[in-house]
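A.B. asks: I am sharing model_4.cif, which consists of mmCIF, C-alpha atoms:
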data_structure
loop_
_atom_site.label_atom_id
_atom_site.label_comp_id
_atom_site.auth_asym_id
_atom_site.auth_seq_id
_atom_site.Cartn_x
_atom_site.Cartn_y
_atom_site.Cartn_z
CA MET A 255 0.00 0.00 0.00
CA GLN A 256 2.82 2.37 0.81
CA SER A 257 4.35 1.91 -2.64
CA LYS A 258 1.03 2.68 -4.31
CA THR A 259 0.64 5.77 -2.14
CA GLY A 260 4.20 6.70 -3.09
CA GLY A 261 3.41 6.45 -6.79
CA LYS A 262 0.41 8.75 -6.38
CA ALA A 263 2.46 11.21 -4.35
CA LEU A 264 5.29 11.32 -6.87
CA ALA A 265 2.96 11.67 -9.82
CA SER A 266 0.74 14.28 -8.14
CA VAL A 267 3.72 16.45 -7.28
CA GLY A 268 5.21 15.99 -10.74
CA LEU A 269 1.94 16.90 -12.44
CA THR A 270 1.49 19.93 -10.19
CA VAL A 271 4.91 21.28 -11.19
CA ILE A 272 4.75 20.42 -14.90
CA VAL A 273 1.17 21.59 -15.54
CA THR A 274 1.91 24.83 -13.69
CA GLU A 275 5.06 25.21 -15.76
CA LEU A 276 3.08 24.62 -18.96
CA VAL A 277 0.45 27.22 -18.01
CA PHE A 278 3.08 29.83 -17.18
CA SER A 279 5.04 29.08 -20.37
CA VAL A 280 1.91 29.50 -22.50
CA ILE A 281 0.92 32.73 -20.74
CA TYR A 282 4.46 34.08 -21.06
CA ARG A 283 4.61 33.28 -24.79
CA ILE A 284 1.19 34.85 -25.39
CA VAL A 285 2.36 38.01 -23.60
CA LEU A 286 5.54 38.12 -25.70
CA GLU A 287 3.58 37.60 -28.93
CA ILE A 288 1.17 40.42 -28.07
CA LEU A 289 4.05 42.74 -27.25
CA SER A 290 5.77 41.78 -30.52
CA VAL A 291 2.69 42.14 -32.76
CA PHE A 292 1.76 45.53 -31.38
CA ASN A 293 5.41 46.60 -31.17
CA ILE A 294 5.15 47.33 -27.46
CA ASP A 295 8.35 48.12 -25.60
CA MET A 296 8.95 45.30 -23.11
CA GLY A 297 11.06 47.56 -20.93
CA PHE A 298 12.46 45.83 -17.86
CA LEU A 299 10.88 42.49 -18.85
CA GLY A 300 13.00 42.44 -21.99
CA THR A 301 16.31 42.65 -20.13
CA ASP A 302 18.31 39.69 -18.80
CA THR A 303 17.62 40.81 -15.24
CA GLY A 304 13.89 41.18 -15.96
CA ILE A 305 13.73 37.68 -17.43
CA LEU A 306 15.56 36.34 -14.39
CA PHE A 307 13.07 37.99 -12.02
CA PHE A 308 10.17 36.56 -14.02
CA THR A 309 11.84 33.13 -13.90
CA LEU A 310 12.29 33.47 -10.12
CA VAL A 311 8.62 34.27 -9.58
CA THR A 312 7.53 31.49 -11.95
CA TYR A 313 9.79 28.96 -10.24
CA LEU A 314 8.48 29.83 -6.78
CA VAL A 315 4.88 29.69 -7.97
CA MET A 316 5.58 26.26 -9.47
CA MET A 317 7.61 24.70 -6.69
CA VAL A 318 6.17 26.05 -3.44
CA PRO A 319 2.65 24.65 -4.00
CA ALA A 320 4.22 21.33 -5.05
CA ALA A 321 6.27 21.27 -1.84
CA VAL A 322 3.19 22.04 0.27
CA LEU A 323 1.26 19.29 -1.53
CA LEU A 324 4.07 16.83 -0.89
CA ILE A 325 4.21 17.65 2.83
CA LYS A 326 0.42 17.17 3.11
CA LEU A 327 0.60 13.85 1.29
CA SER A 328 3.44 12.77 3.55
CA SER A 329 1.59 13.92 6.68
CA ALA A 330 -1.39 11.77 5.72
CA TRP A 331 0.91 8.73 5.64
CA HIS A 332 3.67 9.47 8.17
CA GLY A 333 1.77 11.72 10.61
CA SER A 334 4.02 13.78 12.88
CA GLU A 335 7.09 12.14 11.32
CA ALA A 336 6.34 13.59 7.87
CA LEU A 337 9.23 16.06 7.69
CA SER A 338 11.79 13.60 9.02
CA ALA A 339 10.59 11.12 6.40
CA LEU A 340 11.01 13.69 3.62
CA ILE A 341 14.23 15.21 4.96
CA PRO A 342 16.27 12.34 6.47
CA SER A 343 19.40 13.69 8.15
CA GLU A 344 21.30 10.83 9.79
CA LYS A 345 25.02 11.42 10.37
CA THR A 346 27.31 9.83 7.79
CA GLY A 347 30.79 11.06 8.75
CA ALA A 348 32.62 13.88 6.97
CA GLY A 349 34.73 11.69 4.68
CA ARG A 350 31.83 9.54 3.53
CA PHE A 351 29.62 12.61 3.06
CA VAL A 352 32.18 14.42 0.85
CA CYS A 353 32.85 11.33 -1.26
CA ALA A 354 29.11 10.71 -1.65
CA VAL A 355 28.59 14.28 -2.88
CA LEU A 356 31.46 13.96 -5.36
CA THR A 357 30.07 10.63 -6.57
CA CYS A 358 26.70 12.23 -7.38
CA CYS A 359 28.47 15.01 -9.29
CA PHE A 360 30.60 12.45 -11.14
CA PHE A 361 27.53 10.52 -12.31
CA GLY A 362 25.93 13.77 -13.50
CA TYR A 363 29.03 14.71 -15.51
CA VAL A 364 29.20 11.26 -17.10
CA GLY A 365 25.55 11.76 -18.08
CA ASN A 366 26.53 15.01 -19.79
CA TYR A 367 29.04 13.13 -21.95
CA VAL A 368 26.43 10.50 -22.79
CA SER A 369 24.07 13.30 -23.83
CA ALA A 370 26.79 14.89 -25.98
CA ALA A 371 27.39 11.56 -27.73
CA LEU A 372 23.67 11.05 -28.40
CA ASN A 373 23.37 14.61 -29.70
CA TYR A 374 26.26 13.98 -32.09
CA VAL A 375 24.58 10.84 -33.44
CA ALA A 376 21.29 12.73 -33.86
CA GLU A 377 23.00 15.61 -35.64
CA VAL A 378 24.88 13.30 -38.03
CA ASN A 379 21.59 11.61 -38.94
CA GLY A 380 19.77 14.91 -39.50
CA MET A 381 17.55 14.58 -36.43
CA PRO A 382 16.53 17.48 -34.17
CA VAL A 383 19.20 18.11 -31.53
CA PRO A 384 17.85 19.05 -28.09
CA GLN A 385 19.37 22.11 -26.49
CA GLY A 386 20.47 22.31 -22.88
CA PRO A 387 19.68 25.27 -20.62
CA THR A 388 21.39 28.61 -21.25
CA PHE A 389 22.00 31.26 -18.61
CA PRO A 390 22.12 35.01 -19.30
CA SER A 391 25.46 36.73 -18.81
CA GLY A 392 26.05 40.20 -17.46
CA ASN A 393 27.21 41.86 -14.27
CA MET A 394 27.79 40.26 -10.88
CA PHE A 395 24.21 41.01 -9.78
CA THR A 396 22.87 39.04 -12.75
CA LEU A 397 25.25 36.20 -11.95
CA GLY A 398 24.14 36.20 -8.30
CA LEU A 399 20.47 36.12 -9.30
CA THR A 400 21.19 33.28 -11.72
CA VAL A 401 22.95 31.31 -8.98
CA LEU A 402 19.92 31.81 -6.70
CA ILE A 403 17.49 30.59 -9.36
CA VAL A 404 19.61 27.83 -10.89
CA ALA A 405 21.62 26.52 -7.93
CA VAL A 406 20.19 27.49 -4.53
CA LEU A 407 16.44 27.06 -5.02
CA PRO A 408 16.59 23.85 -7.10
CA ALA A 409 19.00 22.29 -4.60
CA LEU A 410 16.49 22.86 -1.81
CA LEU A 411 13.05 22.61 -3.44
CA GLU A 412 13.72 20.03 -6.15
CA GLU A 413 15.54 17.74 -3.75
CA LEU A 414 12.67 17.96 -1.27
CA ILE A 415 10.11 17.26 -3.99
CA ILE A 416 12.00 14.55 -5.91
CA ARG A 417 14.45 12.92 -3.53
CA GLY A 418 12.37 13.59 -0.42
CA SER A 419 9.24 12.07 -1.94
CA VAL A 420 11.13 9.06 -3.31
CA TYR A 421 12.71 8.36 0.06
CA GLY A 422 9.62 9.22 2.09
CA PHE A 423 7.29 6.98 0.12
CA CYS A 424 9.51 4.43 -1.63
CA ALA A 425 12.47 3.74 0.69
CA GLN A 426 11.15 0.22 1.37
CA THR A 427 11.91 -0.73 -2.23
CA GLY A 428 15.65 -0.65 -1.42
CA PRO A 429 18.57 1.51 -2.61
CA VAL A 430 18.77 0.38 -6.25
CA CYS A 431 15.03 0.58 -6.83
CA CYS A 432 14.86 3.86 -4.94
CA GLY A 433 17.66 5.17 -7.16
CA LEU A 434 15.91 4.00 -10.35
CA ILE A 435 12.63 5.65 -9.32
CA SER A 436 14.50 8.81 -8.39
CA GLY A 437 16.44 8.86 -11.67
CA ILE A 438 13.41 8.26 -13.89
CA VAL A 439 11.23 10.88 -12.17
CA PHE A 440 14.08 13.41 -12.03
CA ALA A 441 14.86 12.99 -15.74
CA LEU A 442 11.21 13.31 -16.78
CA PHE A 443 10.78 16.28 -14.46
CA HIS A 444 13.25 18.33 -16.56
CA CYS A 445 11.13 17.92 -19.74
CA ASN A 446 14.23 18.23 -21.92
CA PHE A 447 15.80 15.33 -23.83
CA ALA A 448 19.19 17.08 -23.67
CA GLN A 449 19.17 16.75 -19.88
CA PHE A 450 17.73 13.23 -19.62
CA PRO A 451 21.04 11.28 -19.39
CA SER A 452 22.63 13.64 -16.87
CA ALA A 453 19.44 14.02 -14.81
CA PHE A 454 18.84 10.26 -14.76
CA MET A 455 22.38 9.34 -13.75
CA PHE A 456 22.61 12.08 -11.12
CA GLY A 457 19.11 11.22 -9.87
CA PHE A 458 19.89 7.51 -9.68
CA MET A 459 23.02 7.97 -7.59
CA ALA A 460 21.45 10.69 -5.43
CA GLY A 461 18.40 8.52 -4.72
CA TYR A 462 20.60 5.49 -4.07
CA LEU A 463 22.87 7.28 -1.58
CA VAL A 464 20.01 9.06 0.19
CA CYS A 465 18.34 5.68 0.67
CA VAL A 466 21.55 4.00 1.89
CA TYR A 467 22.72 6.73 4.28
CA LYS A 468 19.33 8.28 5.08
CA ASN A 469 20.73 11.77 4.57
CA ILE A 470 19.14 14.04 1.96
CA TRP A 471 21.83 16.69 2.50
CA ILE A 472 24.10 14.56 0.31
CA SER A 473 21.88 15.15 -2.72
CA ILE A 474 21.13 18.78 -1.77
CA THR A 475 24.84 19.62 -1.58
CA ALA A 476 25.66 17.74 -4.80
CA HIS A 477 22.76 19.39 -6.64
CA PHE A 478 23.90 22.84 -5.51
CA ILE A 479 27.54 22.24 -6.51
CA ASN A 480 26.58 20.74 -9.88
CA ASN A 481 24.35 23.68 -10.83
CA LEU A 482 26.74 26.25 -9.40
CA VAL A 483 29.55 24.92 -11.59
CA SER A 484 27.23 25.17 -14.63
CA CYS A 485 26.46 28.82 -13.78
CA LEU A 486 30.12 29.72 -13.37
CA LEU A 487 31.19 27.95 -16.56
CA THR A 488 28.57 29.74 -18.67
CA TYR A 489 29.17 33.18 -17.16
CA ASP A 490 30.62 35.54 -19.77
CA GLY A 491 33.74 36.88 -18.10
CA GLY A 492 36.11 37.22 -21.06
CA GLU A 493 38.94 35.11 -22.43
CA VAL A 494 40.94 34.99 -19.19
CA TYR A 495 37.86 33.87 -17.27
CA PHE A 496 37.13 31.22 -19.92
CA ALA A 497 40.65 29.78 -19.57
CA VAL A 498 40.44 29.74 -15.77
CA SER A 499 36.93 28.23 -15.75
CA SER A 500 37.98 25.49 -18.20
CA LEU A 501 40.93 24.56 -15.97
CA PHE A 502 38.63 24.64 -12.94
CA PHE A 503 36.20 22.23 -14.59
CA ILE A 504 38.98 19.78 -15.49
CA LEU A 505 40.33 19.85 -11.93
CA PHE A 506 36.88 19.51 -10.37
CA PHE A 507 35.97 16.61 -12.66
CA ALA A 508 39.22 14.90 -11.62
CA VAL A 509 38.24 15.40 -7.97
CA THR A 510 34.83 13.81 -8.60
CA VAL A 511 36.57 10.79 -10.16
CA VAL A 512 38.75 10.42 -7.06
CA GLY A 513 35.70 10.77 -4.81
CA PHE A 514 33.87 8.08 -6.76
CA ILE A 515 36.83 5.69 -6.57
CA ILE A 516 37.15 6.19 -2.81
CA MET A 517 33.40 5.69 -2.45
CA LEU A 518 33.62 2.52 -4.50
CA VAL A 519 36.63 1.00 -2.76
CA LYS A 520 36.70 2.32 0.80
CA TYR A 521 32.99 2.72 1.48
CA ASN A 522 31.75 -0.25 -0.59
CA LEU A 523 29.39 1.88 -2.66
CA PHE A 524 27.12 -0.91 -3.93
CA ARG A 525 27.28 -3.20 -0.90
CA GLU A 526 23.74 -2.26 0.19
CA GLY A 527 22.31 -2.50 -3.29
CA ARG A 528 21.27 -6.14 -3.00
CA LYS A 529 18.41 -5.40 -0.60
CA ASN A 530 15.73 -4.44 -3.11
CA SER A 531 12.04 -5.04 -3.66
CA PHE A 532 11.40 -4.97 -7.39
CA LYS A 533 7.78 -5.85 -6.62
CA GLY A 534 7.50 -2.52 -4.78
CA PHE A 535 9.22 -0.79 -7.69
CA ALA A 536 6.65 -2.24 -10.11
CA LYS A 537 3.78 -1.08 -7.89
CA VAL A 538 5.02 2.51 -7.97
CA PHE A 539 4.86 2.51 -11.78
CA SER A 540 1.56 0.63 -11.90
CA VAL A 541 -0.34 3.63 -10.57
CA PRO A 542 -2.31 5.18 -13.51
CA ILE A 543 -1.51 8.76 -12.52
CA MET A 544 2.19 7.96 -12.75
CA TRP A 545 1.74 7.09 -16.43
CA ILE A 546 -0.12 10.36 -16.92
CA PHE A 547 2.88 12.11 -15.38
CA ILE A 548 5.22 10.24 -17.75
CA ALA A 549 3.05 11.07 -20.78
CA VAL A 550 2.83 14.77 -19.90
CA SER A 551 6.59 14.91 -19.32
CA LEU A 552 7.37 13.32 -22.68
CA ILE A 553 4.91 15.56 -24.54
CA LEU A 554 6.49 18.66 -23.02
CA SER A 555 9.92 17.26 -23.88
CA VAL A 556 8.91 16.95 -27.54
CA VAL A 557 7.47 20.49 -27.49
CA THR A 558 10.74 21.78 -26.05
CA LEU A 559 12.69 19.90 -28.75
CA ASN A 560 10.75 21.62 -31.54
CA ILE A 561 10.87 25.18 -30.17
#
Show me, as structure tokens, the structure contained in the file I just sent.
C.D. replies:
Amino acid sequence: MQSKTGGKALASVGLTVIVTELVFSVIYRIVLEILSVFNIDMGFLGTDTGILFFTLVTYLVMMVPAAVLLIKLSSAWHGSEALSALIPSEKTGAGRFVCAVLTCCFFGYVGNYVSAALNYVAEVNGMPVPQGPTFPSGNMFTLGLTVLIVAVLPALLEELIIRGSVYGFCAQTGPVCCGLISGIVFALFHCNFAQFPSAFMFGFMAGYLVCVYKNIWISITAHFINNLVSCLLTYDGGEVYFAVSSLFFILFFAVTVVGFIIMLVKYNLFREGRKNSFKGFAKVFSVPIMWIFIAVSLILSVVTLNI
């Protein structure tokens, strides 16, 4: 029963976010079309900073109701223990915590390379190539606002909604199944084929480690670092900055490889992975509303691909 409830919770939250996102995207495009047709000066809304502010408001309107919904769903099942079920925070030890964070980042970066390879194959065969997210460049204020929207808020809200719900409702399926559920939902949640490989691989490892160590701060920290690095690497700071940022990425990627190796050897990364309930995993994806969530996510992914 808990798995079925978990499937409904995951799908309900996902639908809340995605449908809200769709509504806001449509409204925003209609507004832009009206302004364009009637040649109306967009003013502040047309600037990078204005777009960032609009994105901030849209994101909060999308995510906060979803978070509230998740907490209510969790409260109905876990009672007074709802928040501790959604935000597990058991101690893991500093060394294990750092290596776990680096391992999540490593899996995300490997996913980026997988995505790049798939994009190359698609391009060679004349197929549409999905585009990843782009961040506006500008002054330090714009960069700071971008970091808030892209790194800080997603690390907190998305991890609560995705990882928290997966752990809170599906932890009994075991680490591997929990990781698979987390990866699939997280990838679909992005509604962008270009981000599917990275989101799935990051989501799998984040869900796996949160389930094993019962500490969601592993995935929150990794999510923040991963998105922060993306913001810094895409910030337009000139040729010197580009050279420094490229070197930084190479060094950081090397550090994530070391962290993964230590996690694999010293901390027996996949030792707990044998304790899984694939029956529970199947139940989560047997809930009809979950398939509605999957269908809506894929439709929006196709729409994004053709924009």
A.B. asks: Here is a test: counting all atoms listed in the file, which residue of A:Gly349, A:Gly457, A:Gly362, A:Gly433 is nearest to Val511 in chain A?
C.D. replies: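 Selected residue with least distance to Val511 in chain A: A:Gly362.
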A.B. asks: Determine the residue set returned by the PyMOL selection byres ((chain A and resi 417-425) around 6) for the present structure, and present it as a list in words.
C.D. replies: Ser257, Gly260, Ala339, Leu340, Ile341, Glu413, Leu414, Ile415, Ile416, Gln426, Thr427 and Gly428 of chain A
A.B. asks: Do you know which residues are at most 8 Å from Thr400 in chain A counting all atoms listed in the file, after dropping those on the same chain fewer than 2 positions away, and could you put them as a list in words?
C.D. replies: Leu306, Phe389, Pro390, Thr396, Leu397, Gly398, Leu402, Ile403, Val404, Ala405 and Cys485 of chain A
A.B. asks: Report as a ChimeraX atom specification all protein, DNA and RNA residues lying within 12 Å of range 542-554 of chain A, evaluated on only C-alpha atoms, omitting residues in the same chain fewer than 2 positions from it.
C.D. replies: /A:257-277,279-280,435,438-447,450,536-540,556-561
A.B. asks: Take the PyMOL selection byres ((chain A and resi 373) around 12), apply it to the structure above, and return the hits as a PDB file with C-alpha atoms, keeping the file's coordinate frame.
C.D. replies:
ATOM      1  CA  ASN A 366      26.530  15.010 -19.790  1.00  0.00           C
ATOM      2  CA  TYR A 367      29.040  13.130 -21.950  1.00  0.00           C
ATOM      3  CA  VAL A 368      26.430  10.500 -22.790  1.00  0.00           C
ATOM      4  CA  SER A 369      24.070  13.300 -23.830  1.00  0.00           C
ATOM      5  CA  ALA A 370      26.790  14.890 -25.980  1.00  0.00           C
ATOM      6  CA  ALA A 371      27.390  11.560 -27.730  1.00  0.00           C
ATOM      7  CA  LEU A 372      23.670  11.050 -28.400  1.00  0.00           C
ATOM      8  CA  TYR A 374      26.260  13.980 -32.090  1.00  0.00           C
ATOM      9  CA  VAL A 375      24.580  10.840 -33.440  1.00  0.00           C
ATOM     10  CA  ALA A 376      21.290  12.730 -33.860  1.00  0.00           C
ATOM     11  CA  GLU A 377      23.000  15.610 -35.640  1.00  0.00           C
ATOM     12  CA  VAL A 378      24.880  13.300 -38.030  1.00  0.00           C
ATOM     13  CA  ASN A 379      21.590  11.610 -38.940  1.00  0.00           C
ATOM     14  CA  GLY A 380      19.770  14.910 -39.500  1.00  0.00           C
ATOM     15  CA  MET A 381      17.550  14.580 -36.430  1.00  0.00           C
ATOM     16  CA  PRO A 382      16.530  17.480 -34.170  1.00  0.00           C
ATOM     17  CA  VAL A 383      19.200  18.110 -31.530  1.00  0.00           C
ATOM     18  CA  PRO A 384      17.850  19.050 -28.090  1.00  0.00           C
ATOM     19  CA  GLN A 385      19.370  22.110 -26.490  1.00  0.00           C
ATOM     20  CA  GLY A 386      20.470  22.310 -22.880  1.00  0.00           C
ATOM     21  CA  PHE A 447      15.800  15.330 -23.830  1.00  0.00           C
ATOM     22  CA  ALA A 448      19.190  17.080 -23.670  1.00  0.00           C
ATOM     23  CA  GLN A 449      19.170  16.750 -19.880  1.00  0.00           C
ATOM     24  CA  PHE A 450      17.730  13.230 -19.620  1.00  0.00           C
ATOM     25  CA  PRO A 451      21.040  11.280 -19.390  1.00  0.00           C
ATOM     26  CA  LEU A 559      12.690  19.900 -28.750  1.00  0.00           C
TER      27      LEU A 559
END
A.B. asks: Find the distance between CA of Phe506 in chain A and CA of Cys431 in chain A and write it in Å to one decimal.
C.D. replies: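 Atom-to-atom, CA of Phe506 in chain A and CA of Cys431 in chain A are spaced 29.1 Å apart.
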A.B. asks: Identify which of the residues A:Leu434, A:Ile472, A:Val464, A:Ile284 lies closest to Cys353 in chain A, counting only C-alpha atoms when measuring atom-to-atom distances.
C.D. replies: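 For Cys353 in chain A, the nearest of the given residues is A:Ile472.
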A.B. asks: Can you list, as an mmCIF file with C-alpha atoms, in the frame of the given file, every protein, DNA or RNA residue that comes within 7 Å of Pro342 in chain A when you count all atoms listed in the file, leaving out same-chain residues fewer than 4 positions away?
C.D. replies:
data_model
loop_
_atom_site.group_PDB
_atom_site.id
_atom_site.type_symbol
_atom_site.label_atom_id
_atom_site.label_comp_id
_atom_site.auth_asym_id
_atom_site.auth_seq_id
_atom_site.Cartn_x
_atom_site.Cartn_y
_atom_site.Cartn_z
ATOM 1 C CA SER A 338 11.790 13.600 9.020
ATOM 2 C CA LYS A 468 19.330 8.280 5.080
ATOM 3 C CA ASN A 469 20.730 11.770 4.570
ATOM 4 C CA ILE A 470 19.140 14.040 1.960
#
A.B. asks: Choose the residue, out of A:Thr346, A:Leu411, A:Met455, A:Cys359, that has the smallest atom-to-atom separation from Val483 in chain A; count all atoms listed in the file.
C.D. replies: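 So, comparing all the options, the nearest one is A:Cys359.
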A.B. asks: Please measure the separation of CA of Leu410 in chain A and CA of Tyr313 in chain A, giving the value in Å to one decimal.
C.D. replies: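 According to the coordinates, CA of Leu410 in chain A and CA of Tyr313 in chain A are separated by 12.4 Å.
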